[in-house]
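Engineer: Sending over run33.pdb (PDB, C-alpha atoms).
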ATOM      1  CA  MET A 359     -22.891  99.876  43.213  1.00  0.00           C
ATOM      2  CA  LYS A 360     -21.313  98.450  40.084  1.00  0.00           C
ATOM      3  CA  ILE A 361     -23.105  96.654  37.292  1.00  0.00           C
ATOM      4  CA  THR A 362     -21.106  94.204  35.263  1.00  0.00           C
ATOM      5  CA  THR A 363     -22.234  92.112  32.349  1.00  0.00           C
ATOM      6  CA  ASP A 364     -20.518  89.235  30.643  1.00  0.00           C
ATOM      7  CA  ASP A 365     -20.426  88.088  27.042  1.00  0.00           C
ATOM      8  CA  LEU A 366     -20.517  91.382  25.154  1.00  0.00           C
ATOM      9  CA  CYS A 367     -20.173  90.370  21.503  1.00  0.00           C
ATOM     10  CA  LEU A 368     -22.044  90.911  18.250  1.00  0.00           C
ATOM     11  CA  SER A 369     -24.388  87.974  18.873  1.00  0.00           C
ATOM     12  CA  TYR A 370     -25.752  89.556  22.063  1.00  0.00           C
ATOM     13  CA  LEU A 371     -25.218  93.235  21.304  1.00  0.00           C
ATOM     14  CA  ASP A 372     -28.929  93.893  20.720  1.00  0.00           C
ATOM     15  CA  ASN A 373     -29.673  92.793  24.293  1.00  0.00           C
ATOM     16  CA  PHE A 374     -27.707  95.781  25.555  1.00  0.00           C
ATOM     17  CA  LYS A 375     -30.842  97.836  24.818  1.00  0.00           C
ATOM     18  CA  TYR A 376     -32.064  96.975  28.329  1.00  0.00           C
ATOM     19  CA  PHE A 377     -29.074  98.792  29.803  1.00  0.00           C
ATOM     20  CA  ASP A 378     -29.587 101.666  27.357  1.00  0.00           C
ATOM     21  CA  GLU A 379     -33.114 102.054  28.740  1.00  0.00           C
ATOM     22  CA  LEU A 380     -31.799 101.984  32.306  1.00  0.00           C
ATOM     23  CA  LYS A 381     -29.262 104.676  31.434  1.00  0.00           C
ATOM     24  CA  GLN A 382     -32.058 106.987  30.258  1.00  0.00           C
ATOM     25  CA  ASN A 383     -33.405 107.051  33.835  1.00  0.00           C
ATOM     26  CA  HIS A 384     -30.061 106.898  35.656  1.00  0.00           C
ATOM     27  CA  SER A 385     -27.499 109.293  34.237  1.00  0.00           C
ATOM     28  CA  GLU A 386     -24.926 108.138  36.817  1.00  0.00           C
ATOM     29  CA  LEU A 387     -24.994 104.560  35.498  1.00  0.00           C
ATOM     30  CA  LYS A 388     -21.645 102.995  34.658  1.00  0.00           C
ATOM     31  CA  ILE A 389     -21.252  99.433  33.431  1.00  0.00           C
ATOM     32  CA  ILE A 390     -18.257  97.170  33.014  1.00  0.00           C
ATOM     33  CA  ALA A 391     -18.877  94.981  29.967  1.00  0.00           C
ATOM     34  CA  PHE A 392     -16.697  91.884  29.894  1.00  0.00           C
ATOM     35  CA  THR A 393     -16.166  91.474  26.192  1.00  0.00           C
ATOM     36  CA  ILE A 394     -15.358  88.558  23.900  1.00  0.00           C
ATOM     37  CA  GLY A 395     -12.819  89.619  21.265  1.00  0.00           C
ATOM     38  CA  ASN A 396     -13.823  87.100  18.604  1.00  0.00           C
ATOM     39  CA  PHE A 397     -16.860  85.072  19.728  1.00  0.00           C
ATOM     40  CA  ASN A 398     -16.662  81.533  18.353  1.00  0.00           C
ATOM     41  CA  ASN A 399     -13.890  82.786  16.046  1.00  0.00           C
ATOM     42  CA  GLU A 400     -16.601  84.404  13.924  1.00  0.00           C
ATOM     43  CA  GLU A 401     -17.035  87.924  15.360  1.00  0.00           C
ATOM     44  CA  LEU A 402     -13.737  89.807  15.443  1.00  0.00           C
ATOM     45  CA  LEU A 403     -14.870  93.043  17.068  1.00  0.00           C
ATOM     46  CA  VAL A 404     -11.894  95.118  16.003  1.00  0.00           C
ATOM     47  CA  GLU A 405     -13.010  94.608  12.373  1.00  0.00           C
ATOM     48  CA  SER A 406     -16.721  95.189  12.988  1.00  0.00           C
ATOM     49  CA  ASP A 407     -18.208  98.521  11.942  1.00  0.00           C
ATOM     50  CA  ILE A 408     -21.323  97.647  13.953  1.00  0.00           C
ATOM     51  CA  PHE A 409     -19.305  97.209  17.134  1.00  0.00           C
ATOM     52  CA  LYS A 410     -17.171 100.297  16.470  1.00  0.00           C
ATOM     53  CA  ALA A 411     -20.329 102.426  16.109  1.00  0.00           C
ATOM     54  CA  TRP A 412     -21.837 100.878  19.261  1.00  0.00           C
ATOM     55  CA  TYR A 413     -18.607 101.572  21.160  1.00  0.00           C
ATOM     56  CA  GLN A 414     -18.570 105.240  20.092  1.00  0.00           C
ATOM     57  CA  GLN A 415     -22.128 105.642  21.427  1.00  0.00           C
ATOM     58  CA  HIS A 416     -21.370 103.919  24.746  1.00  0.00           C
ATOM     59  CA  LYS A 417     -17.730 104.639  25.593  1.00  0.00           C
ATOM     60  CA  ASP A 418     -18.579 107.392  28.099  1.00  0.00           C
ATOM     61  CA  TRP A 419     -20.470 105.036  30.414  1.00  0.00           C
ATOM     62  CA  VAL A 420     -19.509 101.495  29.409  1.00  0.00           C
ATOM     63  CA  GLU A 421     -16.050 100.249  30.290  1.00  0.00           C
ATOM     64  CA  ILE A 422     -14.827  97.471  28.038  1.00  0.00           C
ATOM     65  CA  ALA A 423     -12.966  94.719  29.866  1.00  0.00           C
ATOM     66  CA  VAL A 424     -11.568  91.400  28.643  1.00  0.00           C
ATOM     67  CA  HIS A 425     -13.674  88.251  28.936  1.00  0.00           C
ATOM     68  CA  SER A 426     -11.919  85.949  26.488  1.00  0.00           C
ATOM     69  CA  TYR A 427     -10.855  85.718  22.885  1.00  0.00           C
ATOM     70  CA  ASP A 428     -13.284  83.129  21.549  1.00  0.00           C
ATOM     71  CA  HIS A 429     -15.327  81.988  24.582  1.00  0.00           C
ATOM     72  CA  LYS A 430     -14.797  78.370  23.633  1.00  0.00           C
ATOM     73  CA  PHE A 431     -14.506  75.562  26.125  1.00  0.00           C
ATOM     74  CA  PRO A 432     -12.293  75.131  27.993  1.00  0.00           C
ATOM     75  CA  PRO A 433     -12.270  78.679  29.378  1.00  0.00           C
ATOM     76  CA  ASP A 434      -9.018  80.628  29.291  1.00  0.00           C
ATOM     77  CA  GLY A 435      -8.155  79.589  32.828  1.00  0.00           C
ATOM     78  CA  ASP A 436      -8.365  75.898  31.963  1.00  0.00           C
ATOM     79  CA  ARG A 437      -6.229  75.993  28.820  1.00  0.00           C
ATOM     80  CA  ASP A 438      -2.660  74.752  28.939  1.00  0.00           C
ATOM     81  CA  ASP A 439      -1.644  77.907  27.085  1.00  0.00           C
ATOM     82  CA  GLU A 440      -3.590  80.259  29.345  1.00  0.00           C
ATOM     83  CA  GLU A 441      -1.229  83.202  28.877  1.00  0.00           C
ATOM     84  CA  TYR A 442      -1.436  82.952  25.076  1.00  0.00           C
ATOM     85  CA  TRP A 443      -5.263  83.120  25.126  1.00  0.00           C
ATOM     86  CA  ILE A 444      -5.468  85.953  27.638  1.00  0.00           C
ATOM     87  CA  LYS A 445      -2.915  87.956  25.648  1.00  0.00           C
ATOM     88  CA  LYS A 446      -4.745  87.232  22.394  1.00  0.00           C
ATOM     89  CA  ALA A 447      -8.011  88.404  23.977  1.00  0.00           C
ATOM     90  CA  ARG A 448      -6.409  91.576  25.337  1.00  0.00           C
ATOM     91  CA  ASP A 449      -4.706  92.364  22.052  1.00  0.00           C
ATOM     92  CA  SER A 450      -7.932  91.879  20.087  1.00  0.00           C
ATOM     93  CA  LEU A 451      -9.685  94.445  22.292  1.00  0.00           C
ATOM     94  CA  LEU A 452      -6.881  97.007  22.746  1.00  0.00           C
ATOM     95  CA  PRO A 453      -8.569  99.760  20.677  1.00  0.00           C
ATOM     96  CA  PHE A 454     -11.536  99.656  23.066  1.00  0.00           C
ATOM     97  CA  LEU A 455      -9.797  99.201  26.423  1.00  0.00           C
ATOM     98  CA  PRO A 456      -9.352 102.034  28.919  1.00  0.00           C
ATOM     99  CA  ILE A 457      -5.913 102.835  30.317  1.00  0.00           C
ATOM    100  CA  GLU A 458      -6.613 100.612  33.316  1.00  0.00           C
ATOM    101  CA  TYR A 459      -8.376  97.486  32.145  1.00  0.00           C
ATOM    102  CA  GLY A 460      -9.658  94.317  33.695  1.00  0.00           C
ATOM    103  CA  TYR A 461     -10.351  90.664  33.090  1.00  0.00           C
ATOM    104  CA  ARG A 462     -12.990  88.103  33.983  1.00  0.00           C
ATOM    105  CA  SER A 463     -12.509  84.546  32.835  1.00  0.00           C
ATOM    106  CA  PRO A 464     -15.445  82.727  31.247  1.00  0.00           C
ATOM    107  CA  GLY A 465     -17.143  80.675  33.925  1.00  0.00           C
ATOM    108  CA  TRP A 466     -14.918  82.446  36.483  1.00  0.00           C
ATOM    109  CA  GLN A 467     -12.336  79.705  35.819  1.00  0.00           C
ATOM    110  CA  THR A 468      -8.873  80.696  37.010  1.00  0.00           C
ATOM    111  CA  THR A 469      -5.694  78.860  37.872  1.00  0.00           C
ATOM    112  CA  ASN A 470      -2.908  79.557  40.314  1.00  0.00           C
ATOM    113  CA  LYS A 471      -1.145  81.293  37.372  1.00  0.00           C
ATOM    114  CA  THR A 472      -3.951  83.597  36.253  1.00  0.00           C
ATOM    115  CA  VAL A 473      -3.231  86.591  38.496  1.00  0.00           C
ATOM    116  CA  ASP A 474       0.499  86.516  37.693  1.00  0.00           C
ATOM    117  CA  ILE A 475      -0.305  86.353  33.968  1.00  0.00           C
ATOM    118  CA  LEU A 476      -2.685  89.294  34.265  1.00  0.00           C
ATOM    119  CA  LYS A 477      -0.110  91.376  36.142  1.00  0.00           C
ATOM    120  CA  LYS A 478       2.540  90.523  33.532  1.00  0.00           C
ATOM    121  CA  LEU A 479       0.176  91.601  30.739  1.00  0.00           C
ATOM    122  CA  GLY A 480      -0.677  94.921  32.403  1.00  0.00           C
ATOM    123  CA  PHE A 481      -4.178  94.231  33.693  1.00  0.00           C
ATOM    124  CA  SER A 482      -5.332  96.434  36.579  1.00  0.00           C
ATOM    125  CA  TYR A 483      -7.967  94.132  38.036  1.00  0.00           C
ATOM    126  CA  ILE A 484      -9.563  90.717  37.920  1.00  0.00           C
ATOM    127  CA  ALA A 485     -13.285  90.298  38.441  1.00  0.00           C
ATOM    128  CA  TYR A 486     -14.861  87.248  39.914  1.00  0.00           C
ATOM    129  CA  GLU A 487     -18.606  86.634  40.079  1.00  0.00           C
ATOM    130  CA  ALA A 488     -19.322  89.124  42.850  1.00  0.00           C
ATOM    131  CA  LYS A 489     -16.039  90.867  43.604  1.00  0.00           C
ATOM    132  CA  ILE A 490     -13.229  92.747  41.921  1.00  0.00           C
ATOM    133  CA  LYS A 491      -9.611  92.516  42.995  1.00  0.00           C
ATOM    134  CA  ASN A 492      -7.267  95.404  42.281  1.00  0.00           C
ATOM    135  CA  LEU A 493      -4.058  93.766  41.026  1.00  0.00           C
ATOM    136  CA  LYS A 494      -1.857  96.744  41.853  1.00  0.00           C
ATOM    137  CA  ASN A 495      -2.498  96.636  45.585  1.00  0.00           C
ATOM    138  CA  ASN A 496      -3.967  93.109  45.878  1.00  0.00           C
ATOM    139  CA  MET A 497      -7.056  94.530  47.579  1.00  0.00           C
ATOM    140  CA  ILE A 498     -10.681  93.616  47.022  1.00  0.00           C
ATOM    141  CA  VAL A 499     -12.706  96.600  45.810  1.00  0.00           C
ATOM    142  CA  ASN A 500     -15.246  97.256  48.521  1.00  0.00           C
ATOM    143  CA  GLU A 501     -18.278  97.928  46.372  1.00  0.00           C
ATOM    144  CA  PRO A 502     -21.319  95.740  45.726  1.00  0.00           C
ATOM    145  CA  ILE A 503     -21.553  94.233  42.235  1.00  0.00           C
ATOM    146  CA  LEU A 504     -24.608  93.210  40.273  1.00  0.00           C
ATOM    147  CA  ASN A 505     -23.695  90.868  37.440  1.00  0.00           C
ATOM    148  CA  SER A 506     -25.587  89.495  34.481  1.00  0.00           C
ATOM    149  CA  HIS A 507     -24.913  87.870  31.135  1.00  0.00           C
ATOM    150  CA  LEU A 508     -26.029  89.523  27.912  1.00  0.00           C
ATOM    151  CA  TYR A 509     -27.415  86.272  26.540  1.00  0.00           C
ATOM    152  CA  ASP A 510     -29.641  85.848  29.621  1.00  0.00           C
ATOM    153  CA  ILE A 511     -32.392  88.469  29.430  1.00  0.00           C
ATOM    154  CA  PRO A 512     -34.122  87.361  32.684  1.00  0.00           C
ATOM    155  CA  SER A 513     -30.846  87.807  34.615  1.00  0.00           C
ATOM    156  CA  MET A 514     -30.353  91.221  33.033  1.00  0.00           C
ATOM    157  CA  LYS A 515     -33.870  92.295  33.983  1.00  0.00           C
ATOM    158  CA  GLU A 516     -33.292  91.103  37.561  1.00  0.00           C
ATOM    159  CA  VAL A 517     -30.053  93.107  37.792  1.00  0.00           C
ATOM    160  CA  ILE A 518     -31.824  96.174  36.432  1.00  0.00           C
ATOM    161  CA  LYS A 519     -34.644  95.725  38.944  1.00  0.00           C
ATOM    162  CA  GLN A 520     -32.149  95.409  41.817  1.00  0.00           C
ATOM    163  CA  TYR A 521     -30.242  98.471  40.643  1.00  0.00           C
ATOM    164  CA  GLU A 522     -33.412 100.564  40.520  1.00  0.00           C
ATOM    165  CA  ILE A 523     -34.382  99.459  44.037  1.00  0.00           C
ATOM    166  CA  LEU A 524     -30.979 100.426  45.441  1.00  0.00           C
TER
END
Could you rewrite the structure in this file as structure tokens?

Structural biologist:
Amino acid sequence: MKITTDDLCLSYLDNFKYFDELKQNHSELKIIAFTIGNFNNEELLVESDIFKAWYQQHKDWVEIAVHSYDHKFPPDGDRDDEEYWIKKARDSLLPFLPIEYGYRSPGWQTTNKTVDILKKLGFSYIAYEAKIKNLKNNMIVNEPILNSHLYDIPSMKEVIKQYEIL
């Protein structure tokens, strides 16, 4: 069972406390946090001491993955310069990304070019709402996913409840 959460950024970082509490009771917990590199062009994580300290405390059990650069509308997958925005997002998060890193577009918006762009830029996987596709072998990862958004506390609490039941 994988837990993923979208919209990791400074604005919603405090809400991660619900996952911190879950981790206290479940040492095996691993989370993929789809992260916004510079939310609303006001929160450049690579320059944030708050985020750097949070990352150091969580890097052993939270995998940072790319969610977008600015999270503005239209989502990356709807922009004419899709590759530019995905690359900008990846580059802004490079210090926090694992060797094999992934991507989930805001709103799960993709185009017929998205997967090719991700492969070109070295991404290992793309995540949709409820599935992850390994880009190296073009196979769907056969593991259930519980997903929430950090801004949506009720959805986070529901995911946590489901995780504890399973």

Engineer: Counting all atoms listed in the file, figure out which residue out of A:Phe377, A:Trp443, A:Leu368, A:Thr468 gets nearest to A:Ser406.

Structural biologist: A:Leu368

Engineer: What would the selection look like, as a short mmCIF file (atom, residue, chain, number, x, y, z; two decimals) with C-alpha atoms, in the frame of the given file, if the PyMOL selection byres ((chain A and resi 369) around 12) were run on the coordinates I just shared?

Structural biologist:
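Full text of part13.cif as output:
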data_model
loop_
_atom_site.label_atom_id
_atom_site.label_comp_id
_atom_site.auth_asym_id
_atom_site.auth_seq_id
_atom_site.Cartn_x
_atom_site.Cartn_y
_atom_site.Cartn_z
CA ASP A 365 -20.43 88.09 27.04
CA LEU A 366 -20.52 91.38 25.15
CA CYS A 367 -20.17 90.37 21.50
CA LEU A 368 -22.04 90.91 18.25
CA TYR A 370 -25.75 89.56 22.06
CA LEU A 371 -25.22 93.24 21.30
CA ASP A 372 -28.93 93.89 20.72
CA ASN A 373 -29.67 92.79 24.29
CA PHE A 374 -27.71 95.78 25.56
CA THR A 393 -16.17 91.47 26.19
CA ILE A 394 -15.36 88.56 23.90
CA GLY A 395 -12.82 89.62 21.26
CA ASN A 396 -13.82 87.10 18.60
CA PHE A 397 -16.86 85.07 19.73
CA ASN A 398 -16.66 81.53 18.35
CA GLU A 400 -16.60 84.40 13.92
CA GLU A 401 -17.04 87.92 15.36
CA LEU A 402 -13.74 89.81 15.44
CA LEU A 403 -14.87 93.04 17.07
CA ILE A 408 -21.32 97.65 13.95
CA PHE A 409 -19.30 97.21 17.13
CA LEU A 508 -26.03 89.52 27.91
CA TYR A 509 -27.42 86.27 26.54
#

Engineer: What does the distance from atom CA of A:Asn505 to atom CA of A:Glu487 come to in Å, to one decimal?

Structural biologist: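 Going from atom CA of A:Asn505 over to atom CA of A:Glu487 covers 7.1 Å.
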
Engineer: Need the shell around stretch 454-458 of chain A: protein/DNA/RNA residues with any atom at most 10 Å away, counting all atoms listed in the file. Skip same-chain ones fewer than 2 positions apart. Format as a ChimeraX atom specification?

Structural biologist: /A:393,403-404,410,413-414,417,421-424,448-452,460,480-483

Engineer: With all atoms listed in the file as the atoms that count, which of A:Pro453, A:Asp439, A:Arg462, A:Lys375 lies nearest to A:Ile511?

Structural biologist: A:Lys375

Engineer: What's the 12 Å shell around A:Tyr521, counting all atoms listed in the file, without same-chain residues fewer than 2 positions away, as number ranges by chain?

Structural biologist: A: 359-362, 377, 380-381, 383-384, 386-389, 502-506, 514-519, 523-524

Engineer: Would you write out, as a PDB file with C-alpha atoms, in the frame of the given file, every residue that the PyMOL selection byres ((chain A and resi 473) around 10) captures in this file?

Structural biologist:
ATOM      1  CA  TYR A 461     -10.351  90.664  33.090  1.00  0.00           C
ATOM      2  CA  THR A 468      -8.873  80.696  37.010  1.00  0.00           C
ATOM      3  CA  THR A 469      -5.694  78.860  37.872  1.00  0.00           C
ATOM      4  CA  ASN A 470      -2.908  79.557  40.314  1.00  0.00           C
ATOM      5  CA  LYS A 471      -1.145  81.293  37.372  1.00  0.00           C
ATOM      6  CA  THR A 472      -3.951  83.597  36.253  1.00  0.00           C
ATOM      7  CA  ASP A 474       0.499  86.516  37.693  1.00  0.00           C
ATOM      8  CA  ILE A 475      -0.305  86.353  33.968  1.00  0.00           C
ATOM      9  CA  LEU A 476      -2.685  89.294  34.265  1.00  0.00           C
ATOM     10  CA  LYS A 477      -0.110  91.376  36.142  1.00  0.00           C
ATOM     11  CA  LYS A 478       2.540  90.523  33.532  1.00  0.00           C
ATOM     12  CA  LEU A 479       0.176  91.601  30.739  1.00  0.00           C
ATOM     13  CA  PHE A 481      -4.178  94.231  33.693  1.00  0.00           C
ATOM     14  CA  TYR A 483      -7.967  94.132  38.036  1.00  0.00           C
ATOM     15  CA  ILE A 484      -9.563  90.717  37.920  1.00  0.00           C
ATOM     16  CA  LYS A 491      -9.611  92.516  42.995  1.00  0.00           C
ATOM     17  CA  LEU A 493      -4.058  93.766  41.026  1.00  0.00           C
ATOM     18  CA  ASN A 496      -3.967  93.109  45.878  1.00  0.00           C
TER      19      ASN A 496
END

Engineer: Taking all atoms listed in the file into account, which of A:Asp407, A:Gln382, A:Ser426, A:Trp466 comes nearest A:Ile490?

Structural biologist: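 Comparing A:Asp407, A:Gln382, A:Ser426, A:Trp466 against A:Ile490, the winner is A:Trp466.
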
Engineer: Which of these, A:Glu522, A:Asp378, A:Asn492, A:Pro464, has the shortest distance to A:Gln415 once you count all atoms listed in the file?

Structural biologist: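 Closest to A:Gln415 of all the choices is A:Asp378.
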
Engineer: Would you mind reading off the distance between atom CA of A:Gly465 and atom CA of A:Glu405, one decimal, in Å?

Structural biologist: 26.0 Å

Engineer: At what distance in Å, to one decimal, does atom CA of A:Lys494 lie from atom CA of A:Lys430?

Structural biologist: 28.9 Å

Engineer: Pick out the closest residue to A:Lys446 from this set: A:Val420, A:Trp412, A:Glu501, A:Asn399. Count all atoms listed in the file.

Structural biologist: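 Closest to A:Lys446 of all the choices is A:Asn399.
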